[in-house]
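Structure file coords_22.tsv (TSV, C-alpha atoms (C1' of nucleotides)) follows.
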```tsv
chain	number	residue	atom	x	y	z
T	1	MET	CA	-15.31	130.58	180.29
T	2	ASP	CA	-18.52	131.39	178.45
T	3	ALA	CA	-21.35	131.61	180.95
T	4	LYS	CA	-23.87	130.87	178.22
T	5	MET	CA	-22.54	127.44	177.36
T	6	THR	CA	-25.27	124.88	176.89
T	7	PHE	CA	-25.94	122.09	179.33
T	8	SER	CA	-24.64	119.52	176.92
T	9	ALA	CA	-21.45	121.53	176.54
T	10	GLN	CA	-21.13	121.61	180.32
T	11	LEU	CA	-21.76	117.89	180.47
T	12	ARG	CA	-18.98	117.31	178.01
T	13	MET	CA	-16.67	119.45	180.11
T	14	VAL	CA	-17.34	117.14	183.04
T	15	VAL	CA	-17.58	113.81	181.26
T	16	ASP	CA	-14.79	114.15	178.76
T	17	ASN	CA	-11.11	114.92	179.22
T	18	GLY	CA	-10.19	111.27	179.07
T	19	SER	CA	-11.06	109.29	182.15
T	20	LEU	CA	-13.20	110.86	184.81
T	21	GLU	CA	-10.37	110.62	187.30
T	22	ASN	CA	-8.49	113.20	185.27
T	23	CYS	CA	-11.38	115.57	184.65
T	24	PRO	CA	-10.31	118.92	186.09
T	25	VAL	CA	-13.84	120.15	186.70
T	26	ARG	CA	-14.64	117.09	188.76
T	27	GLN	CA	-11.42	117.50	190.70
T	28	VAL	CA	-12.38	121.03	191.64
T	29	MET	CA	-15.90	120.03	192.64
T	30	GLN	CA	-14.57	117.19	194.79
T	31	GLY	CA	-12.52	119.67	196.77
T	32	ILE	CA	-15.59	121.72	197.62
T	33	PHE	CA	-17.97	118.88	198.38
T	34	GLY	CA	-16.36	117.37	201.44
T	35	LYS	CA	-18.29	117.00	204.67
T	36	TRP	CA	-16.77	120.12	206.27
T	37	SER	CA	-15.47	122.24	203.39
T	38	THR	CA	-18.60	124.28	202.79
T	39	LEU	CA	-19.05	124.90	206.48
T	40	LEU	CA	-15.51	126.21	206.96
T	41	LEU	CA	-15.68	128.37	203.85
T	42	LEU	CA	-18.87	129.98	205.13
T	43	ALA	CA	-17.28	130.58	208.49
T	44	LEU	CA	-14.20	132.19	206.99
T	45	ALA	CA	-16.34	134.29	204.67
T	46	GLU	CA	-17.31	136.41	207.64
T	47	LYS	CA	-13.78	137.17	208.78
T	48	PRO	CA	-10.48	135.37	209.37
T	49	TYR	CA	-10.42	133.02	212.34
T	50	ARG	CA	-7.86	131.18	214.37
T	51	PHE	CA	-7.73	127.42	214.68
T	52	GLY	CA	-9.34	127.29	218.09
T	53	GLU	CA	-12.02	129.78	217.12
T	54	LEU	CA	-13.00	127.59	214.18
T	55	ARG	CA	-13.27	124.61	216.50
T	56	ARG	CA	-15.70	126.51	218.66
T	57	LEU	CA	-17.67	127.77	215.65
T	58	VAL	CA	-18.10	124.25	214.32
T	59	PRO	CA	-18.40	122.22	217.50
T	60	ASP	CA	-18.79	118.73	216.11
T	61	ILE	CA	-15.79	118.76	213.80
T	62	SER	CA	-12.93	116.63	215.05
T	63	GLN	CA	-9.56	118.25	215.47
T	64	ARG	CA	-8.17	115.92	212.85
T	65	MET	CA	-10.73	116.87	210.22
T	66	LEU	CA	-10.40	120.57	210.99
T	67	THR	CA	-6.66	120.36	210.34
T	68	GLN	CA	-7.07	118.24	207.24
T	69	THR	CA	-9.92	120.21	205.67
T	70	LEU	CA	-8.08	123.49	206.22
T	71	ARG	CA	-4.99	121.98	204.60
T	72	ASP	CA	-7.02	120.86	201.60
T	73	LEU	CA	-8.67	124.25	201.22
T	74	GLU	CA	-5.27	125.90	201.52
T	75	ARG	CA	-3.83	123.54	198.93
T	76	ASP	CA	-6.57	124.38	196.45
T	77	GLY	CA	-5.92	128.07	196.97
T	78	TYR	CA	-9.16	129.03	198.69
T	79	VAL	CA	-7.67	129.66	202.11
T	80	TYR	CA	-4.49	131.28	203.34
T	81	ARG	CA	-2.67	130.34	206.52
T	82	GLU	CA	-0.77	132.92	208.52
T	83	VAL	CA	1.39	131.90	211.47
T	84	TYR	CA	2.12	134.47	214.17
T	85	PRO	CA	5.25	133.58	216.15
T	86	THR	CA	3.75	134.23	219.55
T	87	LYS	CA	4.04	131.95	222.57
T	88	PRO	CA	2.03	129.82	222.38
T	89	PRO	CA	1.73	130.14	218.60
T	90	SER	CA	-1.41	131.47	216.96
T	91	VAL	CA	-2.45	130.67	213.40
T	92	GLU	CA	-4.95	132.65	211.38
T	93	TYR	CA	-6.98	131.30	208.49
T	94	GLY	CA	-8.86	133.38	205.96
T	95	LEU	CA	-10.24	133.37	202.44
T	96	THR	CA	-8.08	134.25	199.46
T	97	GLU	CA	-9.35	136.10	196.41
T	98	LEU	CA	-9.92	132.75	194.75
T	99	GLY	CA	-11.81	131.61	197.82
T	100	TYR	CA	-14.15	134.60	197.76
T	101	SER	CA	-14.64	134.11	194.05
T	102	MET	CA	-15.66	130.49	194.50
T	103	LEU	CA	-17.83	131.28	197.49
T	104	LYS	CA	-20.27	133.28	195.37
T	105	PRO	CA	-21.64	130.34	193.35
T	106	LEU	CA	-21.33	128.09	196.38
T	107	THR	CA	-23.46	130.49	198.37
T	108	GLY	CA	-26.08	130.29	195.68
T	109	LEU	CA	-26.41	126.60	196.36
T	110	VAL	CA	-26.51	127.08	200.13
T	111	GLU	CA	-29.27	129.62	199.75
T	112	TRP	CA	-31.22	127.30	197.49
T	113	ALA	CA	-30.88	124.54	200.06
T	114	SER	CA	-31.97	126.88	202.83
T	115	GLY	CA	-35.04	127.88	200.90
T	116	ASN	CA	-36.05	124.47	199.59
T	117	PHE	CA	-35.15	121.85	202.15
T	118	GLU	CA	-38.79	121.49	203.10
T	119	ALA	CA	-39.73	120.59	199.55
T	120	VAL	CA	-36.93	118.04	199.48
T	121	LYS	CA	-38.04	116.61	202.80
T	122	GLU	CA	-41.60	116.29	201.56
T	123	ALA	CA	-40.40	114.52	198.43
T	124	ARG	CA	-38.38	112.11	200.55
T	125	ASP	CA	-41.25	111.35	202.88
T	126	LYS	CA	-43.59	110.78	199.99
T	127	PHE	CA	-41.10	108.48	198.27
T	128	ASP	CA	-40.51	106.51	201.45
T	129	ARG	CA	-44.22	106.15	202.17
T	130	ALA	CA	-44.80	104.82	198.66
T	131	GLY	CA	-42.37	102.03	199.60
J	1	MET	CA	-35.63	132.57	202.12
J	2	ASP	CA	-33.97	135.97	202.07
J	3	ALA	CA	-31.25	135.99	199.45
J	4	LYS	CA	-29.49	138.80	201.29
J	5	MET	CA	-28.84	136.88	204.48
J	6	THR	CA	-25.38	137.42	205.89
J	7	PHE	CA	-22.70	134.77	205.81
J	8	SER	CA	-22.88	134.32	209.55
J	9	ALA	CA	-26.63	133.81	209.25
J	10	GLN	CA	-25.99	131.19	206.59
J	11	LEU	CA	-23.40	129.58	208.77
J	12	ARG	CA	-25.87	129.34	211.58
J	13	MET	CA	-28.39	127.76	209.23
J	14	VAL	CA	-25.85	125.04	208.51
J	15	VAL	CA	-24.24	124.66	211.91
J	16	ASP	CA	-27.27	124.91	214.12
J	17	ASN	CA	-30.51	122.97	214.17
J	18	GLY	CA	-29.30	120.68	216.90
J	19	SER	CA	-26.72	118.17	215.82
J	20	LEU	CA	-25.23	118.41	212.38
J	21	GLU	CA	-26.74	115.06	211.46
J	22	ASN	CA	-30.18	116.67	211.65
J	23	CYS	CA	-29.33	119.89	209.82
J	24	PRO	CA	-31.70	120.05	206.86
J	25	VAL	CA	-29.44	122.25	204.75
J	26	ARG	CA	-26.58	119.79	205.09
J	27	GLN	CA	-28.89	116.93	204.21
J	28	VAL	CA	-29.89	118.64	200.99
J	29	MET	CA	-26.30	119.45	200.08
J	30	GLN	CA	-25.25	115.85	200.72
J	31	GLY	CA	-27.78	114.67	198.18
J	32	ILE	CA	-26.31	116.89	195.49
J	33	PHE	CA	-22.62	116.30	196.22
J	34	GLY	CA	-22.32	112.61	195.46
J	35	LYS	CA	-19.79	111.36	192.97
J	36	TRP	CA	-22.33	111.02	190.13
J	37	SER	CA	-25.25	113.27	191.08
J	38	THR	CA	-24.05	116.45	189.41
J	39	LEU	CA	-23.14	114.59	186.25
J	40	LEU	CA	-26.54	112.96	185.92
J	41	LEU	CA	-28.38	116.18	186.68
J	42	LEU	CA	-26.44	117.94	183.93
J	43	ALA	CA	-27.20	115.14	181.51
J	44	LEU	CA	-30.91	115.22	182.28
J	45	ALA	CA	-30.96	119.01	182.02
J	46	GLU	CA	-30.64	118.69	178.28
J	47	LYS	CA	-33.58	116.34	177.84
J	48	PRO	CA	-35.06	113.18	179.38
J	49	TYR	CA	-33.04	110.02	178.83
J	50	ARG	CA	-33.55	106.32	179.22
J	51	PHE	CA	-31.48	104.14	181.50
J	52	GLY	CA	-29.28	102.73	178.77
J	53	GLU	CA	-28.79	106.14	177.18
J	54	LEU	CA	-27.51	107.51	180.47
J	55	ARG	CA	-25.07	104.63	180.71
J	56	ARG	CA	-23.68	105.54	177.34
J	57	LEU	CA	-23.55	109.25	178.18
J	58	VAL	CA	-21.57	108.57	181.35
J	59	PRO	CA	-19.43	105.63	180.34
J	60	ASP	CA	-17.53	104.99	183.55
J	61	ILE	CA	-20.49	104.85	185.88
J	62	SER	CA	-21.25	101.36	187.09
J	63	GLN	CA	-24.73	100.02	186.56
J	64	ARG	CA	-25.18	99.78	190.28
J	65	MET	CA	-24.32	103.42	190.92
J	66	LEU	CA	-26.46	104.59	188.02
J	67	THR	CA	-29.46	102.84	189.50
J	68	GLN	CA	-28.73	104.01	193.01
J	69	THR	CA	-27.95	107.62	192.14
J	70	LEU	CA	-31.10	107.91	190.02
J	71	ARG	CA	-33.11	106.49	192.93
J	72	ASP	CA	-31.62	109.02	195.31
J	73	LEU	CA	-32.29	111.90	192.94
J	74	GLU	CA	-35.84	110.64	192.48
J	75	ARG	CA	-36.30	110.34	196.21
J	76	ASP	CA	-35.20	113.92	196.76
J	77	GLY	CA	-37.66	115.10	194.14
J	78	TYR	CA	-35.19	116.26	191.49
J	79	VAL	CA	-35.88	113.50	188.99
J	80	TYR	CA	-39.01	111.73	187.83
J	81	ARG	CA	-39.12	108.14	186.61
J	82	GLU	CA	-41.57	107.06	183.95
J	83	VAL	CA	-42.00	103.40	183.03
J	84	TYR	CA	-43.33	102.52	179.59
J	85	PRO	CA	-44.82	99.00	179.52
J	86	THR	CA	-43.16	97.97	176.29
J	87	LYS	CA	-41.37	94.68	175.66
J	88	PRO	CA	-38.65	94.85	176.73
J	89	PRO	CA	-39.53	97.66	179.15
J	90	SER	CA	-38.18	101.17	178.73
J	91	VAL	CA	-37.77	103.66	181.55
J	92	GLU	CA	-37.40	107.38	181.09
J	93	TYR	CA	-35.76	109.74	183.55
J	94	GLY	CA	-36.08	113.51	183.52
J	95	LEU	CA	-35.83	116.59	185.70
J	96	THR	CA	-38.77	117.79	187.77
J	97	GLU	CA	-39.54	121.44	188.42
J	98	LEU	CA	-37.61	121.15	191.66
J	99	GLY	CA	-34.74	119.61	189.75
J	100	TYR	CA	-34.57	122.49	187.28
J	101	SER	CA	-34.83	124.94	190.13
J	102	MET	CA	-31.87	123.38	191.93
J	103	LEU	CA	-29.87	123.03	188.76
J	104	LYS	CA	-29.57	126.80	188.37
J	105	PRO	CA	-27.33	127.40	191.40
J	106	LEU	CA	-25.57	124.09	190.80
J	107	THR	CA	-24.75	125.20	187.27
J	108	GLY	CA	-23.19	128.33	188.71
J	109	LEU	CA	-20.72	126.19	190.55
J	110	VAL	CA	-19.98	124.02	187.54
J	111	GLU	CA	-19.30	127.10	185.47
J	112	TRP	CA	-17.01	128.47	188.14
J	113	ALA	CA	-15.11	125.20	188.19
J	114	SER	CA	-14.89	125.18	184.40
J	115	GLY	CA	-13.48	128.67	184.39
J	116	ASN	CA	-11.09	128.36	187.30
J	117	PHE	CA	-9.72	124.85	187.40
J	118	GLU	CA	-6.40	126.05	186.10
J	119	ALA	CA	-6.01	128.47	188.99
J	120	VAL	CA	-6.84	125.66	191.39
J	121	LYS	CA	-4.34	123.37	189.71
J	122	GLU	CA	-1.65	125.99	189.92
J	123	ALA	CA	-2.37	126.47	193.61
J	124	ARG	CA	-2.12	122.74	194.18
J	125	ASP	CA	1.14	122.41	192.30
J	126	LYS	CA	2.63	125.34	194.18
J	127	PHE	CA	1.51	123.91	197.51
J	128	ASP	CA	2.89	120.50	196.68
J	129	ARG	CA	6.21	121.90	195.50
J	130	ALA	CA	6.59	123.86	198.73
J	131	GLY	CA	6.46	120.49	200.49
A	1	DC	C1'	-33.81	96.71	178.59
A	2	DA	C1'	-33.53	97.87	183.13
A	3	DG	C1'	-32.63	96.42	186.87
A	4	DA	C1'	-31.69	93.33	191.75
A	5	DA	C1'	-28.37	90.68	194.62
A	6	DT	C1'	-24.00	89.70	196.32
A	7	DC	C1'	-19.40	90.43	197.57
A	8	DC	C1'	-15.45	93.24	198.04
A	9	DT	C1'	-12.34	97.40	198.39
A	10	DC	C1'	-10.99	101.78	199.65
A	11	DT	C1'	-11.12	106.02	201.91
A	12	DA	C1'	-13.35	109.60	204.38
A	13	DC	C1'	-14.01	110.34	208.85
A	14	DG	C1'	-13.89	109.76	214.01
A	15	DA	C1'	-11.59	108.78	218.74
A	16	DT	C1'	-7.74	108.93	221.33
A	17	DA	C1'	-3.19	110.05	222.80
A	18	DC	C1'	0.88	112.77	222.45
A	19	DT	C1'	3.98	117.32	221.40
A	20	DG	C1'	6.75	121.92	220.32
B	1	DC	C1'	-2.44	126.86	221.12
B	2	DA	C1'	-2.22	124.35	217.22
B	3	DG	C1'	-1.24	120.86	215.77
B	4	DT	C1'	0.85	115.16	214.61
B	5	DA	C1'	0.50	110.20	214.90
B	6	DT	C1'	-2.02	105.96	215.25
B	7	DC	C1'	-5.74	103.09	215.13
B	8	DG	C1'	-10.39	101.78	214.04
B	9	DT	C1'	-14.99	101.99	211.60
B	10	DA	C1'	-18.92	102.84	208.35
B	11	DG	C1'	-20.33	103.78	204.14
B	12	DA	C1'	-19.56	105.00	199.30
B	13	DG	C1'	-18.49	102.94	195.33
B	14	DG	C1'	-16.94	98.96	192.04
B	15	DA	C1'	-17.10	94.14	189.82
B	16	DT	C1'	-19.68	90.36	188.84
B	17	DT	C1'	-23.61	87.49	188.29
B	18	DC	C1'	-28.50	86.74	187.68
B	19	DT	C1'	-33.62	87.96	186.12
B	20	DG	C1'	-38.64	89.61	184.65
```

Show me, as structure tokens, the structure contained in the file I just sent.
Amino acid sequence: MDAKMTFSAQLRMVVDNGSLENCPVRQVMQGIFGKWSTLLLLALAEKPYRFGELRRLVPDISQRMLTQTLRDLERDGYVYREVYPTKPPSVEYGLTELGYSMLKPLTGLVEWASGNFEAVKEARDKFDRAG
Amino acid sequence: MDAKMTFSAQLRMVVDNGSLENCPVRQVMQGIFGKWSTLLLLALAEKPYRFGELRRLVPDISQRMLTQTLRDLERDGYVYREVYPTKPPSVEYGLTELGYSMLKPLTGLVEWASGNFEAVKEARDKFDRAG
DNA sequence: CAGAATCCTCTACGATACTG
DNA sequence: CAGTATCGTAGAGGATTCTG
């Protein structure tokens, strides 16, 4: 894909393709924008982790959402799942090549948010004060 | 913010800060990841538009969500809102400096999605076939 | 034209309990 | 240890109607 495409060309990529429900770009974005997806991808970017380790790394995720988000990330090809037949079983999760590839632009956004959240907060406060 | 921070440092930025509800980085990301936010930001990146023009550009957005999403983007400081006292009134929306600044990393993600949605689709199909 | 108000649906997410 | 299964809730989003 041409990295120099114009904004309007990008907009068309996202708006068109029939109905929005079927737009592939939107479908990909939806998979990344869940409440826990970014967090887990960042965690796995460091090194592979086991299920229980991820729970401890992200303390307020529920067990249900950890399972489900990992499944979704695995389904989209960002994360692999490796089961070791020990007793009790241990399962390792890690990023795939596609996952690392996607993480680069995602990290750009995280870094922007880290560097600019104060400006956003100020804008919010100002907007709320203006009533 | 140091652009060279490690992934674990980024993770801590997102995980820590007390409870996740209060994490400023997450709050910023949430504002960008809505169903319509990215679409509207891309549209406004080209040039300022009026309310009705945006409706036509993004046909399947409901009037309610267009209003609300524009309000949210304005509140976070990404979008300005300019009212012209004509009859009937016309309202122009456009990106602020902060909006353009944020759009750069966001565009990186959109371009990644545009270039890789087929790989994601293949991963999904393979996963679903495996049952 | 650019919205506000109202009502409704759907699903993402959480809490809890149970299992190979 | 690494999950399933079930139930319940809050909020995002949609459809419709009304207005300065």

Chain J in the frame of chain T after Cα least-squares fit, as a JSON list (two decimals) with C-alpha atoms, in the coordinates of the input:
```json
[["chain", "number", "residue", "atom", "x", "y", "z"],
["J", 1, "MET", "CA", -15.33, 130.57, 180.28],
["J", 2, "ASP", "CA", -18.56, 131.40, 178.48],
["J", 3, "ALA", "CA", -21.37, 131.62, 181.01],
["J", 4, "LYS", "CA", -23.89, 130.85, 178.28],
["J", 5, "MET", "CA", -22.56, 127.42, 177.42],
["J", 6, "THR", "CA", -25.26, 124.83, 176.90],
["J", 7, "PHE", "CA", -25.92, 122.05, 179.36],
["J", 8, "SER", "CA", -24.62, 119.46, 176.94],
["J", 9, "ALA", "CA", -21.44, 121.49, 176.57],
["J", 10, "GLN", "CA", -21.13, 121.56, 180.35],
["J", 11, "LEU", "CA", -21.75, 117.86, 180.48],
["J", 12, "ARG", "CA", -18.98, 117.27, 178.03],
["J", 13, "MET", "CA", -16.67, 119.42, 180.13],
["J", 14, "VAL", "CA", -17.34, 117.10, 183.05],
["J", 15, "VAL", "CA", -17.58, 113.77, 181.27],
["J", 16, "ASP", "CA", -14.78, 114.14, 178.78],
["J", 17, "ASN", "CA", -11.11, 114.93, 179.23],
["J", 18, "GLY", "CA", -10.13, 111.30, 179.08],
["J", 19, "SER", "CA", -11.04, 109.30, 182.13],
["J", 20, "LEU", "CA", -13.19, 110.85, 184.79],
["J", 21, "GLU", "CA", -10.34, 110.60, 187.28],
["J", 22, "ASN", "CA", -8.47, 113.21, 185.25],
["J", 23, "CYS", "CA", -11.38, 115.57, 184.65],
["J", 24, "PRO", "CA", -10.31, 118.92, 186.07],
["J", 25, "VAL", "CA", -13.84, 120.16, 186.69],
["J", 26, "ARG", "CA", -14.66, 117.09, 188.76],
["J", 27, "GLN", "CA", -11.44, 117.51, 190.70],
["J", 28, "VAL", "CA", -12.38, 121.05, 191.63],
["J", 29, "MET", "CA", -15.90, 120.06, 192.63],
["J", 30, "GLN", "CA", -14.57, 117.23, 194.79],
["J", 31, "GLY", "CA", -12.52, 119.71, 196.76],
["J", 32, "ILE", "CA", -15.58, 121.78, 197.58],
["J", 33, "PHE", "CA", -18.00, 118.95, 198.35],
["J", 34, "GLY", "CA", -16.36, 117.41, 201.39],
["J", 35, "LYS", "CA", -18.27, 117.00, 204.60],
["J", 36, "TRP", "CA", -16.76, 120.11, 206.23],
["J", 37, "SER", "CA", -15.47, 122.25, 203.36],
["J", 38, "THR", "CA", -18.60, 124.30, 202.76],
["J", 39, "LEU", "CA", -19.05, 124.92, 206.46],
["J", 40, "LEU", "CA", -15.52, 126.21, 206.93],
["J", 41, "LEU", "CA", -15.67, 128.37, 203.83],
["J", 42, "LEU", "CA", -18.86, 129.99, 205.11],
["J", 43, "ALA", "CA", -17.28, 130.58, 208.49],
["J", 44, "LEU", "CA", -14.20, 132.18, 206.98],
["J", 45, "ALA", "CA", -16.34, 134.30, 204.66],
["J", 46, "GLU", "CA", -17.32, 136.42, 207.62],
["J", 47, "LYS", "CA", -13.78, 137.16, 208.76],
["J", 48, "PRO", "CA", -10.47, 135.37, 209.37],
["J", 49, "TYR", "CA", -10.44, 133.00, 212.34],
["J", 50, "ARG", "CA", -7.88, 131.16, 214.36],
["J", 51, "PHE", "CA", -7.75, 127.40, 214.67],
["J", 52, "GLY", "CA", -9.37, 127.25, 218.08],
["J", 53, "GLU", "CA", -12.05, 129.75, 217.10],
["J", 54, "LEU", "CA", -13.03, 127.57, 214.16],
["J", 55, "ARG", "CA", -13.30, 124.59, 216.48],
["J", 56, "ARG", "CA", -15.73, 126.49, 218.63],
["J", 57, "LEU", "CA", -17.70, 127.75, 215.62],
["J", 58, "VAL", "CA", -18.12, 124.22, 214.29],
["J", 59, "PRO", "CA", -18.42, 122.20, 217.46],
["J", 60, "ASP", "CA", -18.79, 118.70, 216.06],
["J", 61, "ILE", "CA", -15.80, 118.75, 213.76],
["J", 62, "SER", "CA", -12.95, 116.61, 215.01],
["J", 63, "GLN", "CA", -9.57, 118.22, 215.41],
["J", 64, "ARG", "CA", -8.18, 115.90, 212.81],
["J", 65, "MET", "CA", -10.74, 116.85, 210.17],
["J", 66, "LEU", "CA", -10.40, 120.54, 210.95],
["J", 67, "THR", "CA", -6.68, 120.35, 210.31],
["J", 68, "GLN", "CA", -7.07, 118.23, 207.22],
["J", 69, "THR", "CA", -9.91, 120.20, 205.66],
["J", 70, "LEU", "CA", -8.09, 123.50, 206.21],
["J", 71, "ARG", "CA", -5.00, 121.99, 204.57],
["J", 72, "ASP", "CA", -7.01, 120.87, 201.58],
["J", 73, "LEU", "CA", -8.67, 124.26, 201.22],
["J", 74, "GLU", "CA", -5.26, 125.91, 201.50],
["J", 75, "ARG", "CA", -3.82, 123.56, 198.93],
["J", 76, "ASP", "CA", -6.56, 124.40, 196.45],
["J", 77, "GLY", "CA", -5.90, 128.09, 196.95],
["J", 78, "TYR", "CA", -9.15, 129.04, 198.68],
["J", 79, "VAL", "CA", -7.67, 129.67, 202.11],
["J", 80, "TYR", "CA", -4.48, 131.29, 203.33],
["J", 81, "ARG", "CA", -2.68, 130.33, 206.53],
["J", 82, "GLU", "CA", -0.78, 132.90, 208.54],
["J", 83, "VAL", "CA", 1.38, 131.89, 211.50],
["J", 84, "TYR", "CA", 2.09, 134.44, 214.21],
["J", 85, "PRO", "CA", 5.23, 133.54, 216.20],
["J", 86, "THR", "CA", 3.70, 134.21, 219.59],
["J", 87, "LYS", "CA", 3.97, 131.96, 222.64],
["J", 88, "PRO", "CA", 1.97, 129.82, 222.43],
["J", 89, "PRO", "CA", 1.69, 130.15, 218.64],
["J", 90, "SER", "CA", -1.45, 131.45, 216.96],
["J", 91, "VAL", "CA", -2.48, 130.63, 213.42],
["J", 92, "GLU", "CA", -4.96, 132.61, 211.39],
["J", 93, "TYR", "CA", -6.98, 131.28, 208.49],
["J", 94, "GLY", "CA", -8.84, 133.39, 205.95],
["J", 95, "LEU", "CA", -10.23, 133.37, 202.44],
["J", 96, "THR", "CA", -8.07, 134.26, 199.45],
["J", 97, "GLU", "CA", -9.34, 136.11, 196.41],
["J", 98, "LEU", "CA", -9.92, 132.76, 194.76],
["J", 99, "GLY", "CA", -11.80, 131.64, 197.83],
["J", 100, "TYR", "CA", -14.14, 134.62, 197.74],
["J", 101, "SER", "CA", -14.61, 134.14, 194.04],
["J", 102, "MET", "CA", -15.65, 130.51, 194.50],
["J", 103, "LEU", "CA", -17.81, 131.30, 197.48],
["J", 104, "LYS", "CA", -20.25, 133.30, 195.36],
["J", 105, "PRO", "CA", -21.63, 130.37, 193.35],
["J", 106, "LEU", "CA", -21.32, 128.10, 196.38],
["J", 107, "THR", "CA", -23.45, 130.53, 198.37],
["J", 108, "GLY", "CA", -26.09, 130.30, 195.67],
["J", 109, "LEU", "CA", -26.40, 126.63, 196.36],
["J", 110, "VAL", "CA", -26.51, 127.09, 200.12],
["J", 111, "GLU", "CA", -29.27, 129.63, 199.74],
["J", 112, "TRP", "CA", -31.20, 127.30, 197.49],
["J", 113, "ALA", "CA", -30.87, 124.55, 200.07],
["J", 114, "SER", "CA", -31.96, 126.90, 202.84],
["J", 115, "GLY", "CA", -35.03, 127.89, 200.90],
["J", 116, "ASN", "CA", -36.04, 124.49, 199.61],
["J", 117, "PHE", "CA", -35.15, 121.88, 202.18],
["J", 118, "GLU", "CA", -38.76, 121.49, 203.13],
["J", 119, "ALA", "CA", -39.72, 120.60, 199.57],
["J", 120, "VAL", "CA", -36.91, 118.06, 199.50],
["J", 121, "LYS", "CA", -38.03, 116.61, 202.81],
["J", 122, "GLU", "CA", -41.57, 116.30, 201.60],
["J", 123, "ALA", "CA", -40.37, 114.52, 198.48],
["J", 124, "ARG", "CA", -38.35, 112.12, 200.58],
["J", 125, "ASP", "CA", -41.21, 111.37, 202.93],
["J", 126, "LYS", "CA", -43.57, 110.79, 200.03],
["J", 127, "PHE", "CA", -41.08, 108.50, 198.32],
["J", 128, "ASP", "CA", -40.47, 106.54, 201.49],
["J", 129, "ARG", "CA", -44.17, 106.18, 202.22],
["J", 130, "ALA", "CA", -44.78, 104.84, 198.72],
["J", 131, "GLY", "CA", -42.37, 102.04, 199.65]]
```

Segment 2-17 of chain A: which residues within 10 Å, counting only C-alpha atoms (C1' of nucleotides), same-chain residues fewer than 5 positions away excluded, as JSON, numbers by chain? {"T": [34, 35, 61, 62, 63, 64, 65], "J": [50, 51, 52, 63, 64, 67, 88, 89, 90, 91], "B": [5, 6, 7, 8, 9, 10, 11, 12, 13, 14, 15, 16, 17, 18, 19, 20]}

As lines of an AutoDock Vina configuration file, please report the centre and edge lengths, rounded to one decimal in Å, of the axis-aligned box that holds all listed atoms of segment 40-52 of chain T with 5 Å of padding on each of the six sides.
```
center_x = -13.3
center_y = 131.7
center_z = 211.0
size_x = 21.1
size_y = 21.0
size_z = 24.2
```

Taking all atoms listed in the file into account, find every residue of chain B that has an atom no more than 8 Å from chain T, and write it out as a PyMOL selection string. chain B and resi 1-3

Report the closest atom pair, with its distance in Å rounded to one decimal, for each residue of chain J that has an atom no farther than 7 Å from chain T; count all atoms listed in the file, sort by chain and then rising residue number, and write it as a Markdown table.
```
| residue | atom | partner | partner_atom | distance |
| --- | --- | --- | --- | --- |
| J:Met1 | CA | T:Gly115 | CA | 4.9 |
| J:Ala3 | CA | T:Glu111 | CA | 6.7 |
| J:Phe7 | CA | T:Glu46 | CA | 5.9 |
| J:Ser8 | CA | T:Glu46 | CA | 6.2 |
| J:Leu11 | CA | T:Leu42 | CA | 5.8 |
| J:Val15 | CA | T:Val58 | CA | 6.6 |
| J:Pro24 | CA | T:Phe117 | CA | 6.1 |
| J:Val25 | CA | T:Ala113 | CA | 5.4 |
| J:Val28 | CA | T:Ala113 | CA | 6.1 |
| J:Met29 | CA | T:Ala113 | CA | 6.8 |
| J:Phe33 | CA | T:Phe33 | CA | 5.7 |
| J:Leu39 | CA | T:Leu11 | CA | 6.8 |
| J:Leu42 | CA | T:Leu11 | CA | 5.8 |
| J:Ala43 | CA | T:Leu11 | CA | 6.2 |
| J:Ala45 | CA | T:Phe7 | CA | 6.5 |
| J:Glu46 | CA | T:Phe7 | CA | 5.9 |
| J:Val58 | CA | T:Val15 | CA | 6.6 |
| J:Arg75 | CA | T:Arg124 | CA | 5.1 |
| J:Asp76 | CA | T:Val120 | CA | 5.2 |
| J:Gly77 | CA | T:Ala123 | CA | 5.1 |
| J:Met102 | CA | T:Trp112 | CA | 6.8 |
| J:Pro105 | CA | T:Leu109 | CA | 5.1 |
| J:Leu106 | CA | T:Leu109 | CA | 6.2 |
| J:Gly108 | CA | T:Pro105 | CA | 5.3 |
| J:Leu109 | CA | T:Pro105 | CA | 5.1 |
| J:Glu111 | CA | T:Ala3 | CA | 6.7 |
| J:Trp112 | CA | T:Met102 | CA | 6.8 |
| J:Ala113 | CA | T:Val25 | CA | 5.4 |
| J:Ser114 | CA | T:Val25 | CA | 5.6 |
| J:Gly115 | CA | T:Met1 | CA | 4.9 |
| J:Phe117 | CA | T:Pro24 | CA | 6.1 |
| J:Val120 | CA | T:Asp76 | CA | 5.2 |
| J:Ala123 | CA | T:Gly77 | CA | 5.1 |
| J:Arg124 | CA | T:Arg75 | CA | 5.1 |
| J:Phe127 | CA | T:Arg75 | CA | 5.5 |
```

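Here atom CA of Val79 of chain J is placed at a distance of 23.6 Å from atom CA of Asn22 of chain J.
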